[in-house]
>>> print(open('model.txt').read())   # compact mmCIF, C-alpha atoms
# COMPACT_ATOMS: atom_id res chain seq x y z
CA MET A 154 28.07 23.68 80.69
CA GLY A 155 28.25 25.83 77.59
CA LYS A 156 30.03 24.85 74.41
CA ALA A 157 33.84 24.95 74.48
CA LYS A 158 35.44 27.76 72.54
CA GLY A 159 36.45 26.76 69.02
CA LYS A 160 39.48 27.84 66.99
CA SER A 161 39.84 30.04 63.93
CA LEU A 162 42.05 29.66 60.85
CA CYS A 163 42.65 32.47 58.36
CA ILE A 164 43.55 31.57 54.77
CA PHE A 165 45.69 34.39 53.36
CA SER A 166 48.04 35.05 50.48
CA ALA A 167 50.19 37.86 49.18
CA LYS A 168 48.75 37.54 45.67
CA GLY A 169 45.38 36.77 44.11
CA GLY A 170 44.62 33.62 42.16
CA VAL A 171 46.65 31.21 44.31
CA GLY A 172 43.75 29.00 45.42
CA LYS A 173 42.77 30.47 48.80
CA THR A 174 39.06 29.80 48.34
CA THR A 175 39.47 26.18 47.21
CA THR A 176 41.90 25.68 50.10
CA ALA A 177 39.37 27.03 52.60
CA LEU A 178 36.65 24.78 51.22
CA ASN A 179 38.84 21.66 51.12
CA ILE A 180 39.98 22.18 54.72
CA ALA A 181 36.35 22.63 55.76
CA GLY A 182 35.53 19.39 53.93
CA VAL A 183 38.16 17.44 55.87
CA PHE A 184 36.94 18.89 59.17
CA SER A 185 33.41 17.87 58.22
CA SER A 186 34.60 14.31 57.55
CA LEU A 187 36.03 14.36 61.08
CA ASP A 188 32.51 15.20 62.31
CA LYS A 189 33.40 18.76 63.32
CA ASN A 190 31.02 21.69 62.97
CA ILE A 191 32.48 24.31 60.65
CA LEU A 192 31.70 27.89 59.77
CA ILE A 193 33.37 29.37 56.70
CA ILE A 194 33.45 33.18 56.89
CA ASP A 195 33.95 35.02 53.61
CA PHE A 196 35.72 38.18 54.76
CA ASP A 197 36.39 39.30 51.19
CA THR A 198 33.57 41.81 51.67
CA THR A 199 33.69 43.33 48.18
CA GLY A 200 34.31 40.29 46.02
CA GLY A 201 33.85 37.11 48.02
CA ALA A 202 33.31 33.85 46.16
CA ILE A 203 32.65 31.17 48.78
CA ALA A 204 28.88 31.07 48.20
CA THR A 205 29.41 31.02 44.44
CA TYR A 206 31.90 28.15 44.68
CA VAL A 207 29.39 25.99 46.56
CA ASN A 208 26.52 27.05 44.32
CA LYS A 209 24.52 28.76 47.07
CA VAL A 210 22.52 31.99 47.02
CA PRO A 211 22.68 33.42 50.55
CA GLU A 212 19.59 35.06 51.97
CA LEU A 213 21.59 36.96 54.59
CA THR A 214 25.26 37.98 54.67
CA ILE A 215 27.95 39.61 56.81
CA TYR A 216 26.36 42.95 56.00
CA ASN A 217 23.07 41.89 57.61
CA PHE A 218 24.96 40.69 60.70
CA VAL A 219 26.73 44.05 61.06
CA ASP A 220 23.60 46.08 60.36
CA ASP A 221 21.55 44.16 62.94
CA TYR A 222 24.33 44.22 65.51
CA ALA A 223 24.75 47.99 65.14
CA ASN A 224 21.00 48.49 65.57
CA ASN A 225 20.48 46.11 68.52
CA ARG A 226 18.63 43.50 66.47
CA TYR A 227 21.28 40.77 66.69
CA GLN A 228 20.36 37.46 68.38
CA SER A 229 22.55 34.65 67.03
CA ILE A 230 25.18 34.28 64.32
CA ARG A 231 23.34 31.20 63.08
CA ASN A 232 20.54 33.49 61.88
CA TYR A 233 22.87 34.84 59.18
CA VAL A 234 24.53 31.70 57.85
CA THR A 235 23.81 29.72 54.70
CA LYS A 236 23.82 25.96 55.25
CA TYR A 237 25.94 23.86 52.93
CA SER A 238 25.70 20.52 54.74
CA ASP A 239 24.96 19.13 58.18
CA ASN A 240 28.44 20.15 59.38
CA ILE A 241 29.31 23.16 57.21
CA ASP A 242 27.74 26.62 57.36
CA ILE A 243 28.78 29.72 55.43
CA LEU A 244 28.68 33.35 56.51
CA ALA A 245 28.65 34.83 53.04
CA SER A 246 30.24 37.99 51.77
CA CYS A 247 28.09 41.03 50.95
CA LYS A 248 25.77 40.76 47.97
CA ASP A 249 26.71 44.28 46.86
CA PRO A 250 30.36 45.44 47.04
CA ARG A 251 29.12 48.86 48.16
CA GLN A 252 27.90 47.19 51.35
CA GLY A 253 31.37 45.82 51.98
CA SER A 254 32.87 49.29 52.21
CA LYS A 255 30.52 50.00 55.14
CA ILE A 256 31.87 47.17 57.30
CA ALA A 257 34.43 48.52 59.75
CA SER A 258 37.31 46.36 60.94
CA SER A 259 36.01 46.77 64.50
CA TYR A 260 33.32 44.18 63.67
CA ILE A 261 35.87 41.47 62.82
CA GLU A 262 36.57 40.58 66.44
CA ILE A 263 32.84 40.61 67.23
CA ILE A 264 32.02 38.23 64.38
CA LEU A 265 34.89 35.86 65.23
CA GLU A 266 34.02 35.87 68.93
CA LYS A 267 30.40 34.96 68.18
CA ALA A 268 31.49 32.27 65.72
CA VAL A 269 34.01 30.38 67.86
CA TYR A 270 31.45 29.86 70.61
CA GLU A 271 28.99 28.31 68.13
CA TYR A 272 31.31 26.19 65.97
CA ASP A 273 34.21 23.82 66.53
CA TYR A 274 36.32 25.52 63.86
CA VAL A 275 36.00 28.75 61.92
CA ILE A 276 37.69 28.98 58.51
CA VAL A 277 38.20 32.54 57.25
CA ASP A 278 38.70 33.39 53.57
CA THR A 279 40.09 36.80 52.61
CA ASN A 280 41.32 38.78 49.64
CA HIS A 281 45.06 39.38 49.21
CA VAL A 282 45.18 43.09 50.01
CA LEU A 283 47.32 43.88 53.04
CA ASN A 284 45.11 46.64 54.39
CA GLU A 285 43.92 47.48 57.90
CA PHE A 286 40.89 45.17 57.53
CA ASN A 287 42.95 42.10 56.66
CA VAL A 288 45.69 42.91 59.17
CA THR A 289 42.99 42.89 61.86
CA ILE A 290 41.80 39.46 60.65
CA LEU A 291 45.35 38.10 60.77
CA ASP A 292 45.78 39.49 64.26
CA LYS A 293 42.51 38.08 65.63
CA CYS A 294 42.58 34.56 64.16
CA ASP A 295 44.23 31.79 66.15
CA GLN A 296 46.21 30.48 63.17
CA THR A 297 47.07 31.66 59.65
CA LEU A 298 47.70 29.51 56.60
CA LEU A 299 49.71 31.45 54.01
CA VAL A 300 49.10 30.10 50.51
CA MET A 301 51.51 30.63 47.62
CA THR A 302 52.50 29.31 44.20
CA ASN A 303 55.79 28.78 42.36
CA ASP A 304 55.76 32.28 40.89
CA LEU A 305 58.39 35.00 41.32
CA LEU A 306 55.95 37.82 42.15
CA ASP A 307 54.09 35.55 44.55
CA LEU A 308 57.33 34.51 46.27
CA LYS A 309 58.49 38.10 46.56
CA ASN A 310 55.20 39.20 48.12
CA MET A 311 55.16 36.18 50.43
CA ARG A 312 58.65 37.07 51.66
CA ASN A 313 57.31 40.49 52.63
CA ILE A 314 54.38 38.94 54.51
CA ILE A 315 56.71 36.58 56.37
CA ARG A 316 58.92 39.52 57.30
CA ILE A 317 55.92 41.34 58.78
CA PHE A 318 54.99 38.29 60.87
CA LYS A 319 58.54 37.93 62.12
CA ASP A 320 58.91 41.65 62.89
CA ALA A 321 55.71 41.41 64.93
CA GLU A 322 57.11 38.29 66.65
CA LYS A 323 54.08 36.29 65.57
CA GLU A 324 54.64 32.58 65.08
CA ASN A 325 51.05 31.42 64.51
CA TYR A 326 51.42 30.87 60.78
CA GLN A 327 52.27 28.08 58.37
CA VAL A 328 52.93 28.06 54.62
CA MET A 329 51.23 25.99 51.94
CA LEU A 330 52.57 25.65 48.38
CA ASN A 331 49.78 25.20 45.85
CA SER A 332 51.48 23.43 42.95
CA PHE A 333 48.19 22.61 41.23
CA ILE A 334 47.69 26.28 40.34
CA ASN A 335 49.40 26.68 36.95
CA PRO A 336 51.04 23.23 37.24
CA ASN A 337 53.42 23.93 34.36
CA LYS A 338 55.08 26.77 36.27
CA ARG A 339 58.03 25.13 37.96
CA TYR A 340 60.44 28.01 38.03
CA TYR A 341 62.13 27.30 41.37
CA SER A 342 63.12 24.26 43.37
CA LEU A 343 61.69 23.71 46.84
CA TYR A 344 65.05 24.74 48.31
CA ASP A 345 65.07 27.95 46.27
CA MET A 346 61.53 28.85 47.31
CA LYS A 347 62.37 28.36 51.00
CA SER A 348 65.46 30.51 50.53
CA ILE A 349 63.47 33.29 48.86
CA ILE A 350 60.68 33.49 51.46
CA LYS A 351 63.13 32.76 54.31
CA THR A 352 60.95 30.27 56.10
CA ASN A 353 59.78 26.67 55.85
CA ILE A 354 57.09 25.36 53.51
CA ASP A 355 54.88 23.24 55.74
CA TYR A 356 52.43 21.74 53.22
CA ILE A 357 52.54 20.99 49.50
CA ILE A 358 49.48 20.45 47.30
CA GLU A 359 50.91 18.50 44.38
CA SER A 360 50.50 19.51 40.74
CA SER A 361 48.68 16.21 40.12
CA PHE A 362 45.69 17.75 41.93
CA TYR A 363 45.10 19.99 38.90
CA LEU A 364 41.67 19.20 37.44
CA LYS A 365 40.52 20.29 34.01
CA SER A 366 37.00 19.53 35.23
CA MET A 367 37.24 21.93 38.21
CA ASP A 368 34.55 24.18 36.68
CA ILE A 369 32.14 21.24 36.71
CA TYR A 370 32.70 20.73 40.43
CA VAL A 371 32.12 24.43 41.05
CA ALA A 372 28.95 24.40 38.97
CA ASP A 373 27.70 21.44 40.99
CA GLY A 374 28.67 23.13 44.27
CA LYS A 375 30.93 20.26 45.36
CA ILE A 376 33.78 20.33 47.87
CA LEU A 377 36.42 17.92 46.61
CA THR A 378 37.56 16.62 50.01
CA LEU A 379 34.00 15.46 50.67
CA GLU A 380 34.13 13.17 47.64
CA SER A 381 34.49 9.58 48.89
CA LYS A 382 37.21 8.65 46.37
CA MET A 383 39.36 11.71 46.96
CA PRO A 384 41.60 10.29 49.77
CA LYS A 385 42.40 7.25 47.59
CA ILE A 386 42.99 9.14 44.33
CA TYR A 387 44.99 11.98 45.89
CA PRO A 388 46.35 10.54 49.15
CA LYS A 389 49.22 13.02 49.57
CA VAL A 390 46.96 16.00 48.88
CA TYR A 391 44.34 14.76 51.31
CA LYS A 392 47.04 14.13 53.92
CA ALA A 393 48.25 17.74 53.53
CA TYR A 394 44.77 19.13 54.17
CA LEU A 395 44.33 16.70 57.05
CA SER A 396 47.61 17.89 58.57
CA VAL A 397 46.34 21.48 58.54
CA CYS A 398 43.24 20.33 60.41
CA ASN A 399 45.27 18.31 62.91
CA ASN A 400 47.50 21.29 63.60
CA LEU A 401 44.48 23.46 64.43
CA MET A 402 42.92 20.72 66.55
CA GLU A 403 46.14 20.49 68.56
CA LEU A 404 45.55 24.11 69.64
CA ASN A 405 42.34 22.95 71.29
CA ASP A 406 44.22 20.15 73.06
CA GLU A 407 46.60 22.70 74.59
CA LYS A 408 43.80 24.48 76.47
>>> encode(input="model.txt", output="structure tokens")
Amino acid sequence: MGKAKGKSLCIFSAKGGVGKTTTALNIAGVFSSLDKNILIIDFDTTGGAIATYVNKVPELTIYNFVDDYANNRYQSIRNYVTKYSDNIDILASCKDPRQGSKIASSYIEIILEKAVYEYDYVIVDTNHVLNEFNVTILDKCDQTLLVMTNDLLDLKNMRNIIRIFKDAEKENYQVMLNSFINPNKRYYSLYDMKSIIKTNIDYIIESSFYLKSMDIYVADGKILTLESKMPKIYPKVYKAYLSVCNNLMELNDEK
């Protein structure tokens, strides 16, 4: 028998700088600790940062995948990934942003379809622009995690995203509040934020997770949830990331 089809999770936000990339990496780290095989796809084709965050220089990228596929040279998605660890691979964003503009949204479904038959779970990072490319990603992924902060502009934009999901009668999304981004910004209560975006907040990453030494971890290419002490030092934060993973794994159980 062939490998069972995996599941995909898109990390999206209505505003930049809310911690999408660190969220994608930390979720991948928890999945890895559960002995799952993970592919992180950096679909921010003009400014992706996944490879930079894990201190890797990719030899091949999404652009090479698309170019080979279009010219009948494609064989396996694993030929284009950059290995981070035994359980985590990365399909990196384009090396040159001019290459990103050449990637049509029609390739999104192809890439995801190839990925979910090779990996247990596929984590997709994006930029925050609500264009046709990202709308296609949101439509094709099994689940979406919407990430936001306690910021008025962010909340306003998130409300608009939620409205779009509801108008399309799509229910495959959950909301994460990243309180460790600008931890001193506590403008609204949890009740107020729920009232503004008109939906529930499913996960909260506490402000205590803010690290002044984050740049050191990035420079060392570390994923925080893979650090052995992390579950003990930040138990509630780790539990939130674990809950995201469990929710996606439950989709597999429903098959």
>>> residues_around(input="model.txt", residues="stretch 383-392 of chain A", least_positions_apart="3", cutoff="12 Å", atoms="all atoms listed in the file", output="PyMOL selection string")
chain A and resi 176+179-180+182-184+186+329-333+356-364+376-380+395-399
>>> closest_residue(input="model.txt", among="A:Arg231, A:His281, A:Lys236, A:Lys255", to="A:Gly170", atoms="all atoms listed in the file")
A:His281
>>> closest_residue(input="model.txt", among="A:Val277, A:Asn208, A:Leu299, A:Ile243", to="A:Asn313", atoms="only C-alpha atoms")
A:Leu299
>>> residues_around(input="model.txt", residues="A:Asp242", least_positions_apart="6", cutoff="9 Å", atoms="only C-alpha atoms", output="PyMOL selection string")
chain A and resi 190-194+231+234-236
>>> residues_around(input="model.txt", residues="stretch 210-212 of chain A", least_positions_apart="2", cutoff="12 Å", atoms="only C-alpha atoms", output="PyMOL selection string")
chain A and resi 195+202-208+214-218+232-237+242-248+374
>>> atom_distance(input="model.txt", atom1="atom CA of A:Asp295", atom2="atom CA of A:Glu324")
10.5 Å
>>> atom_distance(input="model.txt", atom1="atom CA of A:Ile317", atom2="atom CA of A:Ala181")
27.2 Å
>>> residues_around(input="model.txt", residues="A:Tyr341", least_positions_apart="4", cutoff="7 Å", atoms="all atoms listed in the file", output="number ranges by chain")
A: 303, 345-346
>>> write_last_selection(input="model.txt", atoms="C-alpha atoms", output="compact mmCIF listing (two decimals), keeping the file's coordinate frame")
# COMPACT_ATOMS: atom_id res chain seq x y z
CA ASN A 303 55.79 28.78 42.36
CA ASP A 345 65.07 27.95 46.27
CA MET A 346 61.53 28.85 47.31
>>> atom_distance(input="model.txt", atom1="atom CA of A:Glu271", atom2="atom CA of A:Ile230")
8.0 Å
